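File shown: model.cif. Contents: mmCIF, C-alpha atoms and all ligand atoms.
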```
data_run
#
loop_
_atom_site.label_atom_id
_atom_site.label_comp_id
_atom_site.auth_asym_id
_atom_site.auth_seq_id
_atom_site.Cartn_x
_atom_site.Cartn_y
_atom_site.Cartn_z
CA MET Y 1 -11.33 -13.67 -22.43
CA THR Y 2 -13.97 -11.41 -20.86
CA VAL Y 3 -11.90 -8.82 -19.04
CA ASN Y 4 -11.50 -5.32 -20.53
CA LEU Y 5 -8.45 -3.34 -19.49
CA THR Y 6 -8.07 0.40 -19.95
CA PRO Y 7 -5.44 2.86 -18.66
CA LEU Y 8 -6.39 5.16 -15.77
CA SER Y 9 -3.71 7.77 -16.42
CA ASP Y 10 -0.89 8.33 -18.89
CA LEU Y 11 1.80 7.00 -16.63
CA PHE Y 12 0.25 4.16 -14.63
CA GLY Y 13 -2.94 2.55 -13.37
CA ALA Y 14 -5.39 0.32 -15.24
CA GLU Y 15 -9.09 -0.40 -14.89
CA ALA Y 16 -10.52 -3.89 -15.30
CA THR Y 17 -14.18 -4.44 -16.12
CA GLY Y 18 -16.12 -7.50 -17.25
CA VAL Y 19 -14.66 -9.85 -14.67
CA ASP Y 20 -16.44 -11.35 -11.66
CA LEU Y 21 -14.11 -12.44 -8.85
CA SER Y 22 -16.85 -14.19 -6.85
CA GLY Y 23 -16.43 -17.34 -8.95
CA PRO Y 24 -13.73 -19.01 -11.01
CA VAL Y 25 -11.74 -16.66 -13.27
CA SER Y 26 -10.38 -18.02 -16.56
CA GLU Y 27 -6.61 -18.37 -16.87
CA ASP Y 28 -6.68 -15.90 -19.78
CA ASP Y 29 -8.38 -13.25 -17.66
CA ALA Y 30 -6.14 -13.94 -14.66
CA SER Y 31 -2.99 -13.66 -16.71
CA ALA Y 32 -4.20 -10.49 -18.48
CA MET Y 33 -4.83 -8.89 -15.07
CA ARG Y 34 -1.42 -9.99 -13.76
CA ASP Y 35 0.23 -8.48 -16.84
CA ALA Y 36 -1.73 -5.25 -16.41
CA LEU Y 37 -0.67 -5.03 -12.78
CA ARG Y 38 2.98 -5.64 -13.68
CA ASP Y 39 2.91 -2.97 -16.39
CA ARG Y 40 0.56 -0.42 -14.80
CA LEU Y 41 1.24 -1.02 -11.04
CA VAL Y 42 -2.33 -0.23 -9.90
CA LEU Y 43 -5.28 -2.33 -11.00
CA VAL Y 44 -8.83 -1.18 -10.25
CA ILE Y 45 -11.24 -4.07 -10.69
CA ARG Y 46 -14.75 -2.59 -10.90
CA ASP Y 47 -18.17 -3.81 -9.84
CA GLN Y 48 -17.31 -6.61 -7.42
CA ASN Y 49 -19.66 -8.10 -4.85
CA LEU Y 50 -17.61 -10.40 -2.67
CA GLU Y 51 -18.07 -12.36 0.50
CA PRO Y 52 -14.88 -12.41 2.59
CA LYS Y 53 -14.15 -16.01 1.58
CA GLN Y 54 -14.50 -15.16 -2.13
CA TYR Y 55 -12.27 -12.13 -1.66
CA VAL Y 56 -9.50 -14.17 -0.04
CA GLU Y 57 -9.75 -16.95 -2.63
CA SER Y 58 -9.81 -14.62 -5.63
CA MET Y 59 -6.66 -12.76 -4.60
CA ARG Y 60 -4.64 -15.94 -5.19
CA ILE Y 61 -4.66 -14.74 -8.80
CA PHE Y 62 -2.03 -12.24 -7.69
CA GLY Y 63 -0.27 -13.98 -4.81
CA ASP Y 64 -0.46 -15.58 -1.38
CA PRO Y 65 -2.25 -13.82 1.48
CA MET Y 66 0.10 -12.45 4.13
CA ARG Y 67 -0.47 -12.03 7.86
CA GLN Y 68 -0.90 -8.38 8.82
CA HIS Y 69 0.30 -6.77 12.04
CA LEU Y 70 -2.89 -4.71 12.49
CA SER Y 71 -3.85 -7.42 14.94
CA LYS Y 72 -6.88 -5.67 16.43
CA LEU Y 73 -8.52 -5.14 13.04
CA LEU Y 74 -8.40 -8.67 11.66
CA MET Y 75 -11.66 -10.39 10.76
CA PRO Y 76 -11.99 -13.29 13.24
CA GLU Y 77 -13.21 -15.87 10.69
CA HIS Y 78 -10.94 -14.54 7.92
CA PRO Y 79 -7.75 -13.26 9.56
CA GLU Y 80 -6.25 -12.57 6.11
CA ILE Y 81 -8.57 -9.53 6.00
CA ALA Y 82 -8.14 -6.37 8.08
CA VAL Y 83 -11.28 -4.26 8.39
CA LEU Y 84 -10.50 -0.55 8.05
CA ASP Y 85 -13.56 1.24 9.39
CA SER Y 86 -13.39 5.02 9.76
CA ARG Y 87 -15.81 4.91 12.70
CA ILE Y 88 -13.23 3.13 14.83
CA ALA Y 89 -10.78 5.68 16.15
CA ASN Y 90 -7.63 4.85 18.02
CA THR Y 91 -6.29 6.66 21.02
CA LYS Y 92 -2.63 7.49 20.97
CA ARG Y 93 -0.74 5.96 23.84
CA ASP Y 94 1.06 9.02 25.24
CA ASP Y 95 -0.90 12.18 24.54
CA GLY Y 96 -4.38 10.70 24.18
CA LYS Y 97 -4.80 12.23 20.72
CA VAL Y 98 -7.34 10.40 18.57
CA MET Y 99 -5.99 9.21 15.26
CA PRO Y 100 -8.39 7.77 12.68
CA ILE Y 101 -7.30 4.74 10.68
CA GLY Y 102 -5.73 5.49 7.34
CA SER Y 103 -4.62 9.04 8.14
CA ARG Y 104 -1.05 8.36 7.14
CA ASP Y 105 1.28 10.31 4.93
CA TRP Y 106 2.68 8.87 1.70
CA HIS Y 107 4.13 5.43 2.42
CA THR Y 108 4.63 1.86 1.26
CA ASP Y 109 3.21 -0.86 3.52
CA HIS Y 110 4.77 -2.86 6.35
CA THR Y 111 8.46 -2.01 5.95
CA ASN Y 112 8.94 -3.33 9.49
CA HIS Y 113 8.77 -6.84 7.99
CA ALA Y 114 11.82 -8.66 6.60
CA LYS Y 115 9.63 -9.51 3.61
CA PRO Y 116 7.14 -6.67 3.19
CA PRO Y 117 4.01 -7.37 1.14
CA LYS Y 118 4.54 -7.16 -2.61
CA MET Y 119 0.98 -5.96 -3.01
CA THR Y 120 -1.82 -4.51 -0.94
CA VAL Y 121 -5.49 -4.83 -1.83
CA LEU Y 122 -8.43 -2.71 -0.71
CA TYR Y 123 -12.02 -3.67 -1.37
CA ALA Y 124 -14.64 -0.95 -0.93
CA VAL Y 125 -17.46 -2.19 1.30
CA LYS Y 126 -18.87 1.19 2.33
CA LEU Y 127 -17.90 4.64 1.12
CA PRO Y 128 -18.54 8.12 2.51
CA SER Y 129 -20.82 10.45 0.52
CA LYS Y 130 -17.80 12.49 -0.54
CA GLY Y 131 -14.00 12.50 -0.22
CA GLY Y 132 -11.74 9.71 1.01
CA ASP Y 133 -9.79 9.16 -2.21
CA THR Y 134 -6.60 7.10 -2.19
CA GLY Y 135 -3.52 8.61 -3.81
CA PHE Y 136 -0.79 6.62 -5.55
CA ALA Y 137 2.68 7.81 -6.53
CA ASN Y 138 4.86 6.05 -9.08
CA MET Y 139 8.23 5.95 -7.33
CA GLN Y 140 9.96 4.42 -10.34
CA ALA Y 141 9.11 7.58 -12.27
CA ALA Y 142 10.08 9.68 -9.24
CA TYR Y 143 13.49 8.00 -9.11
CA ALA Y 144 13.94 8.34 -12.87
CA SER Y 145 13.30 12.09 -12.55
CA LEU Y 146 16.50 12.55 -10.51
CA ASP Y 147 19.87 13.17 -12.12
CA GLU Y 148 22.42 10.38 -12.19
CA SER Y 149 24.66 11.73 -9.45
CA GLU Y 150 21.76 11.97 -7.03
CA GLN Y 151 20.56 8.48 -7.97
CA ALA Y 152 24.09 7.19 -7.28
CA GLU Y 153 24.00 8.72 -3.78
CA LEU Y 154 20.53 7.39 -2.93
CA ILE Y 155 21.31 3.91 -4.13
CA LYS Y 156 23.96 3.55 -1.41
CA MET Y 157 21.49 4.32 1.39
CA LYS Y 158 19.73 1.82 3.62
CA THR Y 159 16.67 2.39 5.80
CA VAL Y 160 16.25 1.06 9.34
CA ASN Y 161 12.54 0.39 9.87
CA SER Y 162 10.48 -0.33 12.95
CA ILE Y 163 6.80 -0.43 13.85
CA GLU Y 164 5.31 2.91 14.94
CA GLN Y 165 4.96 3.47 18.68
CA ASP Y 166 1.89 5.65 18.34
CA VAL Y 167 -0.78 3.40 16.82
CA GLY Y 168 -3.41 1.74 18.96
CA TYR Y 169 -4.48 -1.01 16.55
CA VAL Y 170 -1.40 -3.17 17.09
CA ASP Y 171 -1.49 -5.22 20.29
CA ASP Y 172 1.56 -6.01 22.44
CA LYS Y 173 1.90 -9.54 21.06
CA ALA Y 174 2.05 -8.28 17.48
CA ARG Y 175 4.36 -5.47 18.54
CA LYS Y 176 6.75 -8.06 19.96
CA GLU Y 177 6.49 -10.34 16.94
CA PHE Y 178 6.91 -7.60 14.33
CA GLY Y 179 8.88 -5.14 16.43
CA ALA Y 180 12.48 -5.96 15.43
CA ALA Y 181 14.13 -3.34 13.22
CA GLN Y 182 14.49 -4.30 9.55
CA ILE Y 183 17.05 -2.90 7.16
CA HIS Y 184 16.01 -2.34 3.55
CA PRO Y 185 17.55 -0.63 0.51
CA PHE Y 186 16.26 2.93 0.08
CA ILE Y 187 16.18 2.31 -3.67
CA ARG Y 188 14.76 -1.10 -4.48
CA THR Y 189 14.84 -2.99 -7.75
CA HIS Y 190 11.61 -4.57 -8.96
CA PRO Y 191 12.09 -8.35 -9.16
CA GLU Y 192 10.03 -8.69 -12.34
CA THR Y 193 10.81 -5.57 -14.36
CA GLY Y 194 14.23 -4.56 -12.99
CA LYS Y 195 13.05 -0.95 -12.56
CA LYS Y 196 14.33 1.00 -9.56
CA ALA Y 197 12.06 2.87 -7.14
CA ILE Y 198 12.38 5.01 -4.01
CA TYR Y 199 11.16 2.66 -1.29
CA VAL Y 200 10.20 4.12 2.09
CA HIS Y 201 7.58 4.33 4.83
CA PRO Y 202 8.49 7.62 6.56
CA GLY Y 203 6.41 6.70 9.64
CA LYS Y 204 8.35 3.47 10.11
CA LEU Y 205 11.73 4.95 9.19
CA ALA Y 206 13.77 5.00 12.39
CA ARG Y 207 16.82 6.36 10.51
CA PHE Y 208 19.11 5.70 7.59
CA GLU Y 209 21.96 3.36 8.42
CA GLY Y 210 24.81 5.53 9.75
CA TRP Y 211 22.57 8.61 10.10
CA GLU Y 212 20.84 10.27 13.05
CA PRO Y 213 17.02 9.86 13.27
CA ALA Y 214 16.25 13.58 12.93
CA GLU Y 215 18.47 14.13 9.87
CA SER Y 216 17.07 10.95 8.29
CA LYS Y 217 13.47 12.11 8.64
CA ALA Y 218 14.29 15.60 7.42
CA PHE Y 219 16.07 14.15 4.39
CA VAL Y 220 13.14 11.91 3.42
CA ASN Y 221 10.57 14.65 3.87
CA LYS Y 222 12.57 17.03 1.70
CA LEU Y 223 13.13 14.45 -1.02
CA LEU Y 224 9.47 13.38 -1.11
CA ASP Y 225 8.35 17.02 -1.21
CA ARG Y 226 10.46 17.45 -4.30
CA VAL Y 227 9.62 14.25 -6.23
CA LEU Y 228 5.93 13.74 -5.43
CA THR Y 229 4.68 15.92 -8.26
CA ARG Y 230 1.39 15.70 -10.10
CA ASP Y 231 3.22 14.05 -12.97
CA VAL Y 232 3.91 10.91 -10.94
CA THR Y 233 0.65 10.63 -8.98
CA TYR Y 234 -2.82 9.22 -9.59
CA ARG Y 235 -5.76 9.92 -7.28
CA HIS Y 236 -8.33 7.14 -7.09
CA LYS Y 237 -11.93 8.17 -6.53
CA TRP Y 238 -13.63 5.13 -5.08
CA ARG Y 239 -16.82 3.68 -6.53
CA PRO Y 240 -18.91 1.06 -4.73
CA GLY Y 241 -17.64 -2.41 -5.66
CA ASP Y 242 -14.10 -1.26 -6.47
CA LEU Y 243 -11.31 -3.64 -5.62
CA VAL Y 244 -7.89 -2.01 -5.96
CA VAL Y 245 -4.64 -3.98 -6.05
CA TRP Y 246 -1.31 -2.18 -6.13
CA ASP Y 247 2.39 -2.92 -6.22
CA ASN Y 248 4.10 -1.80 -3.02
CA ARG Y 249 7.53 -2.33 -4.57
CA ALA Y 250 7.01 0.52 -6.98
CA LEU Y 251 4.44 2.87 -5.43
CA LEU Y 252 3.72 4.96 -2.37
CA HIS Y 253 0.11 5.58 -1.37
CA VAL Y 254 -1.83 7.92 0.87
CA ALA Y 255 -5.34 7.97 2.31
CA HIS Y 256 -7.01 11.34 1.88
CA THR Y 257 -8.94 12.22 5.02
CA ASP Y 258 -11.27 14.85 3.56
CA TYR Y 259 -14.44 12.99 4.58
CA ASP Y 260 -16.65 12.60 7.58
CA PRO Y 261 -15.39 9.50 9.43
CA SER Y 262 -18.72 9.11 11.25
CA GLU Y 263 -20.41 8.31 7.91
CA GLY Y 264 -18.43 5.08 7.81
CA ARG Y 265 -15.79 4.37 5.21
CA ILE Y 266 -15.17 0.63 5.28
CA LEU Y 267 -12.41 -0.99 3.28
CA HIS Y 268 -11.37 -4.61 3.57
CA ARG Y 269 -7.64 -4.87 3.28
CA MET Y 270 -5.42 -7.77 2.28
CA CYS Y 271 -1.68 -7.98 1.82
CA LEU Y 272 0.12 -10.43 -0.47
CA GLU Y 273 3.42 -12.10 0.39
CA GLY Y 274 6.55 -10.40 -0.92
CA ASP Y 275 10.30 -11.02 -1.09
CA VAL Y 276 13.24 -9.51 0.75
CA PRO Y 277 13.75 -6.10 -0.95
CA VAL Y 278 16.97 -5.78 -2.96
FE FE R 1 -0.93 1.77 3.68
#
```
Full structure transcribed into structure tokens:
Amino acid sequence: MTVNLTPLSDLFGAEATGVDLSGPVSEDDASAMRDALRDRLVLVIRDQNLEPKQYVESMRIFGDPMRQHLSKLLMPEHPEIAVLDSRIANTKRDDGKVMPIGSRDWHTDHTNHAKPPKMTVLYAVKLPSKGGDTGFANMQAAYASLDESEQAELIKMKTVNSIEQDVGYVDDKARKEFGAAQIHPFIRTHPETGKKAIYVHPGKLARFEGWEPAESKAFVNKLLDRVLTRDVTYRHKWRPGDLVVWDNRALLHVAHTDYDPSEGRILHRMCLEGDVPV
């Protein structure tokens, strides 16, 4: 085995060095990285230099590539990869406001799918001179921090999710295909570890089942404000060659926008097939 694995914070996150994903990876290394990801939820694999084809192939270590609904950002020859380039801004449909890619609040990915991706992967192709970190929050720990009576209330709730109306990088065809509302448990149970986590994409949350949209959004914002403490978060400072895989079933993430988008921050994104959340 060549891979070295070290924790990135007390609670979660691991760093992998000594592995090269551009060629075959030994079964020992692959299984050590899968275990690290299961136990630590974020895996930062350092010092990679990958062609798109090698990137797509290597991620089969963790799962099967999933089609993404960011239809306008997909790489034509490798549609498993979405290119997130900070120099491409999107114009909002109604008010004309420009919204750079990645400027989202804390969320898990693609909850508008019946089977949202179990994992998302970002590979750093170009980084700004400063800023642009990605934040991760351990929502299993966040859930565990609540008292039992509150957990019992949350566990009954279901989210109704639909694709945002205000993003320009989804075309009408994709909007039609992925536009149907999906209902998911607000608290989901991890299929491998059995741990429970708060599971939500506030931007895609239309409402809780049986609730009004406004009260649903207010409830989520208030809850996240309370549970997203420093104790449950890790902030990743990107280095060139970083490839970061994380578990969407257990974490929320956020793109920090404290950088100059004109410098060009380019990340290649993949999503890996997941199950129906339970
Ligand atoms: Fe995301």
For the interface of segment 133-194 of chain Y with segment 245-257 of chain Y (cut-off 6 Å, counting only C-alpha atoms), please tabulate each contacting residue of segment 133-194 of chain Y alongside its nearest pair of atoms and their separation in Å to one decimal, rows sorted by chain and increasing number, as JSON lines.
```
{"residue": "Y:Asp133", "atom": "CA", "partner": "Y:His256", "partner_atom": "CA", "distance": 5.4}
{"residue": "Y:Thr134", "atom": "CA", "partner": "Y:Ala255", "partner_atom": "CA", "distance": 4.8}
{"residue": "Y:Gly135", "atom": "CA", "partner": "Y:Val254", "partner_atom": "CA", "distance": 5.0}
{"residue": "Y:Phe136", "atom": "CA", "partner": "Y:His253", "partner_atom": "CA", "distance": 4.4}
{"residue": "Y:Ala137", "atom": "CA", "partner": "Y:Leu252", "partner_atom": "CA", "distance": 5.1}
{"residue": "Y:Asn138", "atom": "CA", "partner": "Y:Leu251", "partner_atom": "CA", "distance": 4.9}
{"residue": "Y:Met139", "atom": "CA", "partner": "Y:Leu251", "partner_atom": "CA", "distance": 5.2}
{"residue": "Y:Gln140", "atom": "CA", "partner": "Y:Ala250", "partner_atom": "CA", "distance": 5.9}
```
Please write out the residues within 10 Å of ligand FE 1 (chain R) as a ChimeraX atom specification, counting all atoms listed in the file. /Y:101-110,120-122,134,201,248,252-255,269,271
Excluding Gly131 of chain Y and any residue of its chain fewer than 4 positions from it, enumerate the residues within 10 Å of it, using only C-alpha atoms, and give them as a list in words.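 Returned residues: Leu127, Lys237, Trp238, His256, Thr257, Asp258, Tyr259, Asp260 and Arg265 of chain Y.
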How far is it from atom CA of Lys72 of chain Y to atom CA of Ser58 of chain Y, in Å with one decimal?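 Separating atom CA of Lys72 of chain Y from atom CA of Ser58 of chain Y is a distance of 24.0 Å.
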Could you list as a PyMOL selection string every residue that has an atom within 10 Å of (13.2, -1.5, -10.2), using the file's coordinates and counting all atoms listed in the file? chain Y and resi 139-140+143+187-198+249-250+278
Which of Y:Gly18, Y:Gly63, Y:Gly241, Y:Gly210 sits closest to Glu51 of chain Y [using all atoms listed in the file]: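 Checking each candidate against Glu51 of chain Y, we get Y:Gly241 as the closest.
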Determine the nearest neighbour of Arg60 of chain Y from the options Y:Asp47, Y:Leu41, Y:Asp20, Y:Val25, counting all atoms listed in the file. Y:Val25
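Counting from atom CA of Ile81 of chain Y, the distance to atom CA of Phe12 of chain Y is 26.3 Å.
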Interatomic distance, atom CA of Met66 of chain Y to atom CA of Ile155 of chain Y (Å, one decimal):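 Interatomic distance here is 28.0 Å.
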How big is the axis-aligned box around the listed atoms of segment 43-55 of chain Y once 3 Å is added on each side, and where is its centre? Give both in Å to one decimal, as lines of an AutoDock Vina configuration file.
```
center_x = -12.5
center_y = -8.6
center_z = -4.2
size_x = 20.4
size_y = 20.8
size_z = 19.6
```
Selection: 10 Å around Ala206 of chain Y, all atoms listed in the file, excl. self and same-chain fewer than 5 positions, as a list in words: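 Here the qualifying residues turn out to be Thr159, Val160, Asn161, Ser162, Ile163, Glu164, Ala181, Gln182, His201, Trp211, Glu212, Pro213, Ala214, Ser216 and Lys217 of chain Y.
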